[in-house]
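What follows is my_file_17.cif (mmCIF, N, CA and C atoms).
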```cif
data_query
#
loop_
_atom_site.label_atom_id
_atom_site.label_comp_id
_atom_site.auth_asym_id
_atom_site.auth_seq_id
_atom_site.Cartn_x
_atom_site.Cartn_y
_atom_site.Cartn_z
N MET A 1 -2.94 24.92 -11.40
CA MET A 1 -2.23 23.97 -10.57
C MET A 1 -0.76 23.94 -10.98
N ASN A 2 0.11 23.91 -9.99
CA ASN A 2 1.54 23.81 -10.22
C ASN A 2 1.85 22.49 -10.95
N PRO A 3 2.60 22.52 -12.04
CA PRO A 3 2.85 21.28 -12.78
C PRO A 3 3.62 20.24 -11.99
N LYS A 4 4.41 20.67 -11.00
CA LYS A 4 5.15 19.71 -10.19
C LYS A 4 4.27 19.09 -9.11
N HIS A 5 3.14 19.70 -8.82
CA HIS A 5 2.28 19.23 -7.73
C HIS A 5 1.22 18.29 -8.26
N LYS A 6 1.11 17.15 -7.61
CA LYS A 6 0.01 16.23 -7.92
C LYS A 6 -0.85 16.15 -6.67
N PRO A 7 -2.17 16.20 -6.82
CA PRO A 7 -3.02 16.12 -5.63
C PRO A 7 -2.93 14.75 -4.98
N LYS A 8 -3.25 14.70 -3.70
CA LYS A 8 -3.36 13.41 -3.05
C LYS A 8 -4.69 12.84 -3.48
N PHE A 9 -4.65 11.73 -4.16
CA PHE A 9 -5.88 11.12 -4.61
C PHE A 9 -6.44 10.31 -3.45
N ARG A 10 -7.51 10.80 -2.89
CA ARG A 10 -8.10 10.14 -1.73
C ARG A 10 -9.40 9.45 -2.13
N ARG A 11 -9.78 8.51 -1.30
CA ARG A 11 -10.98 7.74 -1.55
C ARG A 11 -12.22 8.62 -1.45
N SER A 12 -13.21 8.27 -2.18
CA SER A 12 -14.47 8.99 -2.14
C SER A 12 -15.03 9.01 -0.71
N ASN A 13 -15.50 10.13 -0.26
CA ASN A 13 -16.06 10.36 1.09
C ASN A 13 -15.02 10.35 2.20
N TYR A 14 -13.74 10.36 1.88
CA TYR A 14 -12.72 10.43 2.92
C TYR A 14 -12.83 11.78 3.61
N GLY A 15 -12.80 11.77 4.92
CA GLY A 15 -12.87 13.01 5.69
C GLY A 15 -14.27 13.45 6.04
N ARG A 16 -15.30 12.78 5.58
CA ARG A 16 -16.66 13.18 5.89
C ARG A 16 -17.12 12.62 7.22
N THR A 17 -16.58 11.47 7.60
CA THR A 17 -16.98 10.84 8.86
C THR A 17 -15.73 10.49 9.65
N ASP A 18 -15.89 9.66 10.64
CA ASP A 18 -14.78 9.18 11.45
C ASP A 18 -13.70 8.60 10.55
N MET A 19 -12.43 9.01 10.76
CA MET A 19 -11.34 8.60 9.88
C MET A 19 -11.10 7.09 9.89
N ARG A 20 -11.56 6.39 10.91
CA ARG A 20 -11.35 4.95 10.95
C ARG A 20 -12.31 4.22 10.01
N ARG A 21 -13.39 4.87 9.62
CA ARG A 21 -14.39 4.20 8.80
C ARG A 21 -14.02 4.19 7.32
N VAL A 22 -13.49 5.30 6.83
CA VAL A 22 -13.12 5.39 5.42
C VAL A 22 -11.63 5.70 5.35
N LYS A 23 -10.82 4.75 4.89
CA LYS A 23 -9.38 4.94 4.78
C LYS A 23 -9.06 5.88 3.61
N ASP A 24 -7.84 6.44 3.60
CA ASP A 24 -7.50 7.40 2.56
C ASP A 24 -6.89 6.75 1.31
N ASN A 25 -6.68 5.43 1.33
CA ASN A 25 -6.09 4.80 0.15
C ASN A 25 -7.07 4.82 -1.02
N TRP A 26 -6.52 4.93 -2.23
CA TRP A 26 -7.35 5.15 -3.40
C TRP A 26 -8.13 3.90 -3.80
N ARG A 27 -9.40 4.09 -4.05
CA ARG A 27 -10.26 3.10 -4.69
C ARG A 27 -11.12 3.87 -5.69
N ALA A 28 -11.35 3.28 -6.83
CA ALA A 28 -12.11 3.96 -7.86
C ALA A 28 -13.55 4.18 -7.39
N PRO A 29 -14.08 5.40 -7.56
CA PRO A 29 -15.45 5.65 -7.14
C PRO A 29 -16.45 4.93 -8.04
N MET A 30 -17.43 4.31 -7.40
CA MET A 30 -18.46 3.59 -8.14
C MET A 30 -19.83 4.01 -7.62
N GLY A 31 -20.83 3.79 -8.36
CA GLY A 31 -22.18 4.14 -7.94
C GLY A 31 -22.76 5.22 -8.83
N ILE A 32 -24.04 5.14 -9.08
CA ILE A 32 -24.65 6.05 -10.04
C ILE A 32 -24.74 7.48 -9.54
N ASP A 33 -24.74 7.68 -8.22
CA ASP A 33 -24.85 9.04 -7.69
C ASP A 33 -23.53 9.57 -7.14
N ASN A 34 -22.44 8.90 -7.36
CA ASN A 34 -21.17 9.30 -6.79
C ASN A 34 -20.65 10.56 -7.47
N LYS A 35 -20.47 11.62 -6.66
CA LYS A 35 -20.06 12.91 -7.21
C LYS A 35 -18.60 12.91 -7.66
N LYS A 36 -17.77 12.15 -6.96
CA LYS A 36 -16.37 12.07 -7.35
C LYS A 36 -16.23 11.37 -8.70
N ARG A 37 -17.02 10.34 -8.94
CA ARG A 37 -17.00 9.64 -10.22
C ARG A 37 -17.43 10.57 -11.34
N GLU A 38 -18.34 11.50 -11.03
CA GLU A 38 -18.81 12.46 -12.03
C GLU A 38 -17.81 13.59 -12.25
N LYS A 39 -16.70 13.55 -11.49
CA LYS A 39 -15.59 14.51 -11.62
C LYS A 39 -16.03 15.94 -11.30
N LEU A 40 -16.86 16.09 -10.28
CA LEU A 40 -17.21 17.43 -9.82
C LEU A 40 -16.01 18.01 -9.07
N LYS A 41 -15.70 19.26 -9.32
CA LYS A 41 -14.47 19.88 -8.83
C LYS A 41 -14.34 19.83 -7.31
N ALA A 42 -15.40 20.05 -6.60
CA ALA A 42 -15.36 20.14 -5.14
C ALA A 42 -15.01 18.83 -4.46
N PHE A 43 -15.10 17.72 -5.19
CA PHE A 43 -14.91 16.42 -4.56
C PHE A 43 -13.51 15.85 -4.79
N GLY A 44 -12.61 16.63 -5.36
CA GLY A 44 -11.22 16.20 -5.52
C GLY A 44 -10.98 15.47 -6.82
N GLY A 45 -9.71 15.44 -7.20
CA GLY A 45 -9.33 14.81 -8.46
C GLY A 45 -9.29 13.31 -8.36
N ILE A 46 -9.35 12.68 -9.53
CA ILE A 46 -9.17 11.24 -9.59
C ILE A 46 -8.02 10.99 -10.57
N PRO A 47 -7.24 9.92 -10.36
CA PRO A 47 -6.09 9.67 -11.23
C PRO A 47 -6.51 9.54 -12.68
N SER A 48 -5.80 10.22 -13.54
CA SER A 48 -6.07 10.12 -14.97
C SER A 48 -4.77 10.39 -15.72
N ILE A 49 -4.77 10.18 -17.00
CA ILE A 49 -3.57 10.26 -17.82
C ILE A 49 -2.94 11.66 -17.78
N GLY A 50 -3.73 12.68 -17.52
CA GLY A 50 -3.22 14.04 -17.51
C GLY A 50 -2.26 14.35 -16.38
N TYR A 51 -2.24 13.51 -15.34
CA TYR A 51 -1.34 13.74 -14.21
C TYR A 51 0.02 13.09 -14.42
N GLY A 52 0.25 12.47 -15.56
CA GLY A 52 1.50 11.76 -15.81
C GLY A 52 2.69 12.70 -15.85
N ALA A 53 3.87 12.14 -15.61
CA ALA A 53 5.12 12.91 -15.62
C ALA A 53 5.51 13.23 -17.05
N PRO A 54 6.27 14.30 -17.27
CA PRO A 54 6.76 14.59 -18.62
C PRO A 54 7.64 13.44 -19.12
N ARG A 55 7.58 13.19 -20.40
CA ARG A 55 8.32 12.06 -20.97
C ARG A 55 9.82 12.19 -20.74
N ALA A 56 10.35 13.41 -20.74
CA ALA A 56 11.79 13.62 -20.56
C ALA A 56 12.27 13.20 -19.17
N THR A 57 11.41 13.30 -18.16
CA THR A 57 11.84 12.97 -16.80
C THR A 57 11.28 11.64 -16.30
N LYS A 58 10.54 10.95 -17.14
CA LYS A 58 9.93 9.69 -16.72
C LYS A 58 10.99 8.62 -16.51
N TYR A 59 10.84 7.82 -15.49
CA TYR A 59 11.73 6.71 -15.14
C TYR A 59 13.11 7.15 -14.70
N LEU A 60 13.29 8.41 -14.35
CA LEU A 60 14.58 8.88 -13.86
C LEU A 60 14.56 8.92 -12.34
N HIS A 61 15.74 8.75 -11.75
CA HIS A 61 15.90 8.92 -10.31
C HIS A 61 15.77 10.41 -10.01
N PRO A 62 15.34 10.80 -8.80
CA PRO A 62 15.22 12.22 -8.49
C PRO A 62 16.52 13.02 -8.69
N SER A 63 17.66 12.35 -8.68
CA SER A 63 18.93 13.04 -8.94
C SER A 63 19.07 13.41 -10.41
N GLY A 64 18.19 12.89 -11.27
CA GLY A 64 18.23 13.19 -12.69
C GLY A 64 18.96 12.14 -13.50
N LEU A 65 19.48 11.10 -12.84
CA LEU A 65 20.22 10.05 -13.53
C LEU A 65 19.32 8.85 -13.79
N GLU A 66 19.65 8.13 -14.86
CA GLU A 66 18.93 6.89 -15.15
C GLU A 66 19.45 5.80 -14.22
N GLU A 67 18.56 4.93 -13.75
CA GLU A 67 18.95 3.88 -12.81
C GLU A 67 19.27 2.58 -13.53
N ALA A 68 20.26 1.84 -12.98
CA ALA A 68 20.55 0.49 -13.45
C ALA A 68 20.59 -0.40 -12.22
N PHE A 69 20.05 -1.60 -12.34
CA PHE A 69 19.98 -2.53 -11.21
C PHE A 69 21.10 -3.55 -11.37
N ILE A 70 21.94 -3.67 -10.35
CA ILE A 70 23.12 -4.52 -10.41
C ILE A 70 22.91 -5.76 -9.54
N THR A 71 23.07 -6.95 -10.14
CA THR A 71 22.94 -8.19 -9.37
C THR A 71 24.27 -8.93 -9.27
N SER A 72 25.31 -8.40 -9.89
CA SER A 72 26.62 -9.04 -9.86
C SER A 72 27.70 -7.97 -10.07
N PRO A 73 28.88 -8.13 -9.44
CA PRO A 73 29.97 -7.16 -9.67
C PRO A 73 30.42 -7.14 -11.12
N LEU A 74 30.18 -8.22 -11.87
CA LEU A 74 30.59 -8.28 -13.27
C LEU A 74 29.78 -7.32 -14.16
N GLN A 75 28.62 -6.88 -13.68
CA GLN A 75 27.76 -6.01 -14.49
C GLN A 75 28.22 -4.56 -14.50
N VAL A 76 29.13 -4.19 -13.59
CA VAL A 76 29.61 -2.81 -13.54
C VAL A 76 30.65 -2.62 -14.64
N SER A 77 30.36 -1.74 -15.59
CA SER A 77 31.27 -1.51 -16.71
C SER A 77 31.13 -0.07 -17.20
N GLU A 78 31.90 0.26 -18.24
CA GLU A 78 31.88 1.62 -18.80
C GLU A 78 30.51 1.97 -19.40
N LYS A 79 29.72 0.95 -19.74
CA LYS A 79 28.39 1.20 -20.32
C LYS A 79 27.49 1.98 -19.36
N LEU A 80 27.78 1.85 -18.06
CA LEU A 80 26.93 2.49 -17.06
C LEU A 80 27.37 3.92 -16.74
N ALA A 81 28.32 4.46 -17.47
CA ALA A 81 28.77 5.83 -17.23
C ALA A 81 27.60 6.79 -17.43
N GLY A 82 27.42 7.70 -16.51
CA GLY A 82 26.32 8.65 -16.59
C GLY A 82 25.02 8.11 -16.02
N LYS A 83 25.08 6.93 -15.42
CA LYS A 83 23.90 6.34 -14.80
C LYS A 83 24.15 6.18 -13.31
N ALA A 84 23.08 5.93 -12.58
CA ALA A 84 23.19 5.60 -11.16
C ALA A 84 22.86 4.12 -11.02
N ILE A 85 23.55 3.45 -10.09
CA ILE A 85 23.28 2.03 -9.94
C ILE A 85 22.69 1.74 -8.57
N ARG A 86 21.83 0.74 -8.55
CA ARG A 86 21.23 0.25 -7.31
C ARG A 86 21.66 -1.20 -7.16
N ILE A 87 22.24 -1.53 -5.99
CA ILE A 87 22.77 -2.87 -5.76
C ILE A 87 21.66 -3.77 -5.22
N ALA A 88 21.57 -4.98 -5.79
CA ALA A 88 20.55 -5.94 -5.36
C ALA A 88 20.81 -6.39 -3.93
N SER A 89 19.76 -6.72 -3.21
CA SER A 89 19.89 -7.12 -1.82
C SER A 89 20.53 -8.50 -1.69
N GLN A 90 20.55 -9.27 -2.78
CA GLN A 90 21.12 -10.61 -2.73
C GLN A 90 22.64 -10.61 -2.66
N LEU A 91 23.28 -9.46 -2.95
CA LEU A 91 24.74 -9.39 -2.92
C LEU A 91 25.23 -9.27 -1.48
N GLY A 92 26.30 -10.01 -1.19
CA GLY A 92 26.89 -9.97 0.14
C GLY A 92 27.84 -8.80 0.31
N LYS A 93 28.47 -8.75 1.46
CA LYS A 93 29.34 -7.63 1.82
C LYS A 93 30.54 -7.53 0.87
N ARG A 94 31.18 -8.68 0.57
CA ARG A 94 32.36 -8.67 -0.28
C ARG A 94 32.02 -8.17 -1.68
N SER A 95 30.91 -8.68 -2.23
CA SER A 95 30.50 -8.27 -3.57
C SER A 95 30.11 -6.79 -3.60
N ARG A 96 29.45 -6.33 -2.56
CA ARG A 96 29.06 -4.91 -2.49
C ARG A 96 30.29 -4.02 -2.51
N LEU A 97 31.32 -4.43 -1.76
CA LEU A 97 32.56 -3.64 -1.73
C LEU A 97 33.21 -3.61 -3.11
N LEU A 98 33.20 -4.75 -3.82
CA LEU A 98 33.74 -4.77 -5.18
C LEU A 98 32.96 -3.83 -6.10
N VAL A 99 31.64 -3.88 -6.00
CA VAL A 99 30.81 -3.02 -6.83
C VAL A 99 31.10 -1.55 -6.53
N ARG A 100 31.19 -1.20 -5.25
CA ARG A 100 31.46 0.20 -4.87
C ARG A 100 32.83 0.66 -5.37
N GLU A 101 33.84 -0.20 -5.29
CA GLU A 101 35.18 0.16 -5.78
C GLU A 101 35.17 0.40 -7.28
N LYS A 102 34.56 -0.52 -8.03
CA LYS A 102 34.49 -0.36 -9.48
C LYS A 102 33.72 0.91 -9.85
N ALA A 103 32.63 1.16 -9.15
CA ALA A 103 31.81 2.34 -9.43
C ALA A 103 32.59 3.61 -9.15
N ALA A 104 33.37 3.62 -8.08
CA ALA A 104 34.17 4.80 -7.75
C ALA A 104 35.21 5.08 -8.84
N LYS A 105 35.83 4.02 -9.38
CA LYS A 105 36.83 4.18 -10.43
C LYS A 105 36.20 4.75 -11.70
N LEU A 106 34.99 4.28 -12.02
CA LEU A 106 34.32 4.70 -13.25
C LEU A 106 33.49 5.97 -13.08
N GLY A 107 33.38 6.46 -11.85
CA GLY A 107 32.59 7.68 -11.60
C GLY A 107 31.09 7.47 -11.66
N ILE A 108 30.64 6.29 -11.23
CA ILE A 108 29.23 5.95 -11.24
C ILE A 108 28.67 6.14 -9.84
N LYS A 109 27.50 6.75 -9.74
CA LYS A 109 26.87 6.98 -8.44
C LYS A 109 26.16 5.72 -7.97
N VAL A 110 26.39 5.34 -6.70
CA VAL A 110 25.71 4.19 -6.09
C VAL A 110 24.59 4.72 -5.20
N LEU A 111 23.39 4.23 -5.42
CA LEU A 111 22.22 4.77 -4.70
C LEU A 111 21.99 4.14 -3.34
N ASN A 112 22.42 2.88 -3.15
CA ASN A 112 22.17 2.25 -1.84
C ASN A 112 23.44 1.60 -1.32
#
```
What does the file become when written as structure tokens?
Amino acid sequence: MNPKHKPKFRRSNYGRTDMRRVKDNWRAPMGIDNKKREKLKAFGGIPSIGYGAPRATKYLHPSGLEEAFITSPLQVSEKLAGKAIRIASQLGKRSRLLVREKAAKLGIKVLN
């Protein structure tokens, strides 16, 4: 299996009958005869610790930068250099413009 690829973890018996009867959202398989719970290969994978992301890339934005959440224009400073910032929805237009200006001066990427 490609290390970048994670299987779609689907519910037990998904696709065997009418799609309206069994949804594809994950639920842990239960029951003494459940083949997916027994981890038989043909019945698809189930989430487990082995599918976790590498520690070096964990909690990073897809751009490769660490994210910081900004709730005030005062929080934008030199400490955030090399990080990407996400602006809280509670900030208004004026505050957002201030945050964007400060970020542009410091070379910080704004995600939203």
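Interatomic distance, CA of Lys23 (chain A) to CA of Lys8 (chain A): 13.0 Å.
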Which of chain A DSSP labels strand (DSSP E or B), written as a ChimeraX atom specification: /A:60,66-70,83-87,109-110
Write out the residues from the selection above, keeping N, CA and C atoms, as a compact mmCIF listing (two decimals), in the frame of the given file.
```
# COMPACT_ATOMS: atom_id res chain seq x y z
N LEU A 60 13.29 8.41 -14.35
CA LEU A 60 14.58 8.88 -13.86
C LEU A 60 14.56 8.92 -12.34
N GLU A 66 19.65 8.13 -14.86
CA GLU A 66 18.93 6.89 -15.15
C GLU A 66 19.45 5.80 -14.22
N GLU A 67 18.56 4.93 -13.75
CA GLU A 67 18.95 3.88 -12.81
C GLU A 67 19.27 2.58 -13.53
N ALA A 68 20.26 1.84 -12.98
CA ALA A 68 20.55 0.49 -13.45
C ALA A 68 20.59 -0.40 -12.22
N PHE A 69 20.05 -1.60 -12.34
CA PHE A 69 19.98 -2.53 -11.21
C PHE A 69 21.10 -3.55 -11.37
N ILE A 70 21.94 -3.67 -10.35
CA ILE A 70 23.12 -4.52 -10.41
C ILE A 70 22.91 -5.76 -9.54
N LYS A 83 25.08 6.93 -15.42
CA LYS A 83 23.90 6.34 -14.80
C LYS A 83 24.15 6.18 -13.31
N ALA A 84 23.08 5.93 -12.58
CA ALA A 84 23.19 5.60 -11.16
C ALA A 84 22.86 4.12 -11.02
N ILE A 85 23.55 3.45 -10.09
CA ILE A 85 23.28 2.03 -9.94
C ILE A 85 22.69 1.74 -8.57
N ARG A 86 21.83 0.74 -8.55
CA ARG A 86 21.23 0.25 -7.31
C ARG A 86 21.66 -1.20 -7.16
N ILE A 87 22.24 -1.53 -5.99
CA ILE A 87 22.77 -2.87 -5.76
C ILE A 87 21.66 -3.77 -5.22
N LYS A 109 27.50 6.75 -9.74
CA LYS A 109 26.87 6.98 -8.44
C LYS A 109 26.16 5.72 -7.97
N VAL A 110 26.39 5.34 -6.70
CA VAL A 110 25.71 4.19 -6.09
C VAL A 110 24.59 4.72 -5.20
```
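Interatomic distance, atom C of Gly44 (chain A) against CA of Pro29 (chain A): 10.8 Å.
The space separating atom C of Leu106 (chain A) from CA of Gly92 (chain A) comes to 21.7 Å.
Against this structure, the PyMOL selection byres (((chain A and resi 74-90 and name CA) around 7) and name CA) ends up with A:Leu65, A:Glu66, A:Glu67, A:Ala68, A:Phe69, A:Ile70, A:Thr71, A:Ser72, A:Pro73, A:Leu91, A:Gly92, A:Val99, A:Lys102, A:Ala103, A:Leu106, A:Ile108, A:Lys109, A:Val110, A:Leu111, A:Asn112.
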Requested write-out: N, CA and C atoms of the selected residues, as a tab-separated table (two decimals), keeping the file's coordinate frame:
```
chain	number	residue	atom	x	y	z
A	65	LEU	N	19.48	11.10	-12.84
A	65	LEU	CA	20.22	10.05	-13.53
A	65	LEU	C	19.32	8.85	-13.79
A	66	GLU	N	19.65	8.13	-14.86
A	66	GLU	CA	18.93	6.89	-15.15
A	66	GLU	C	19.45	5.80	-14.22
A	67	GLU	N	18.56	4.93	-13.75
A	67	GLU	CA	18.95	3.88	-12.81
A	67	GLU	C	19.27	2.58	-13.53
A	68	ALA	N	20.26	1.84	-12.98
A	68	ALA	CA	20.55	0.49	-13.45
A	68	ALA	C	20.59	-0.40	-12.22
A	69	PHE	N	20.05	-1.60	-12.34
A	69	PHE	CA	19.98	-2.53	-11.21
A	69	PHE	C	21.10	-3.55	-11.37
A	70	ILE	N	21.94	-3.67	-10.35
A	70	ILE	CA	23.12	-4.52	-10.41
A	70	ILE	C	22.91	-5.76	-9.54
A	71	THR	N	23.07	-6.95	-10.14
A	71	THR	CA	22.94	-8.19	-9.37
A	71	THR	C	24.27	-8.93	-9.27
A	72	SER	N	25.31	-8.40	-9.89
A	72	SER	CA	26.62	-9.04	-9.86
A	72	SER	C	27.70	-7.97	-10.07
A	73	PRO	N	28.88	-8.13	-9.44
A	73	PRO	CA	29.97	-7.16	-9.67
A	73	PRO	C	30.42	-7.14	-11.12
A	91	LEU	N	23.28	-9.46	-2.95
A	91	LEU	CA	24.74	-9.39	-2.92
A	91	LEU	C	25.23	-9.27	-1.48
A	92	GLY	N	26.30	-10.01	-1.19
A	92	GLY	CA	26.89	-9.97	0.14
A	92	GLY	C	27.84	-8.80	0.31
A	99	VAL	N	31.64	-3.88	-6.00
A	99	VAL	CA	30.81	-3.02	-6.83
A	99	VAL	C	31.10	-1.55	-6.53
A	102	LYS	N	34.56	-0.52	-8.03
A	102	LYS	CA	34.49	-0.36	-9.48
A	102	LYS	C	33.72	0.91	-9.85
A	103	ALA	N	32.63	1.16	-9.15
A	103	ALA	CA	31.81	2.34	-9.43
A	103	ALA	C	32.59	3.61	-9.15
A	106	LEU	N	34.99	4.28	-12.02
A	106	LEU	CA	34.32	4.70	-13.25
A	106	LEU	C	33.49	5.97	-13.08
A	108	ILE	N	30.64	6.29	-11.23
A	108	ILE	CA	29.23	5.95	-11.24
A	108	ILE	C	28.67	6.14	-9.84
A	109	LYS	N	27.50	6.75	-9.74
A	109	LYS	CA	26.87	6.98	-8.44
A	109	LYS	C	26.16	5.72	-7.97
A	110	VAL	N	26.39	5.34	-6.70
A	110	VAL	CA	25.71	4.19	-6.09
A	110	VAL	C	24.59	4.72	-5.20
A	111	LEU	N	23.39	4.23	-5.42
A	111	LEU	CA	22.22	4.77	-4.70
A	111	LEU	C	21.99	4.14	-3.34
A	112	ASN	N	22.42	2.88	-3.15
A	112	ASN	CA	22.17	2.25	-1.84
A	112	ASN	C	23.44	1.60	-1.32
```
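Shortest atom-to-atom contact with Gly45 (chain A) among A:Pro7, A:Arg16, A:Lys93, A:Glu101: A:Pro7, counting only N, CA and C atoms.
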Skip Ser12 (chain A) itself and residues of its chain fewer than 2 positions away, then list as a PyMOL selection string all residues within 6 Å of it, counting only N, CA and C atoms. chain A and resi 10+14+27
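If you measure from each of A:Phe9, A:Met19, A:Pro62, A:Gly31 to Ile46 (chain A) using only N, CA and C atoms, the closest one turns out to be A:Phe9.
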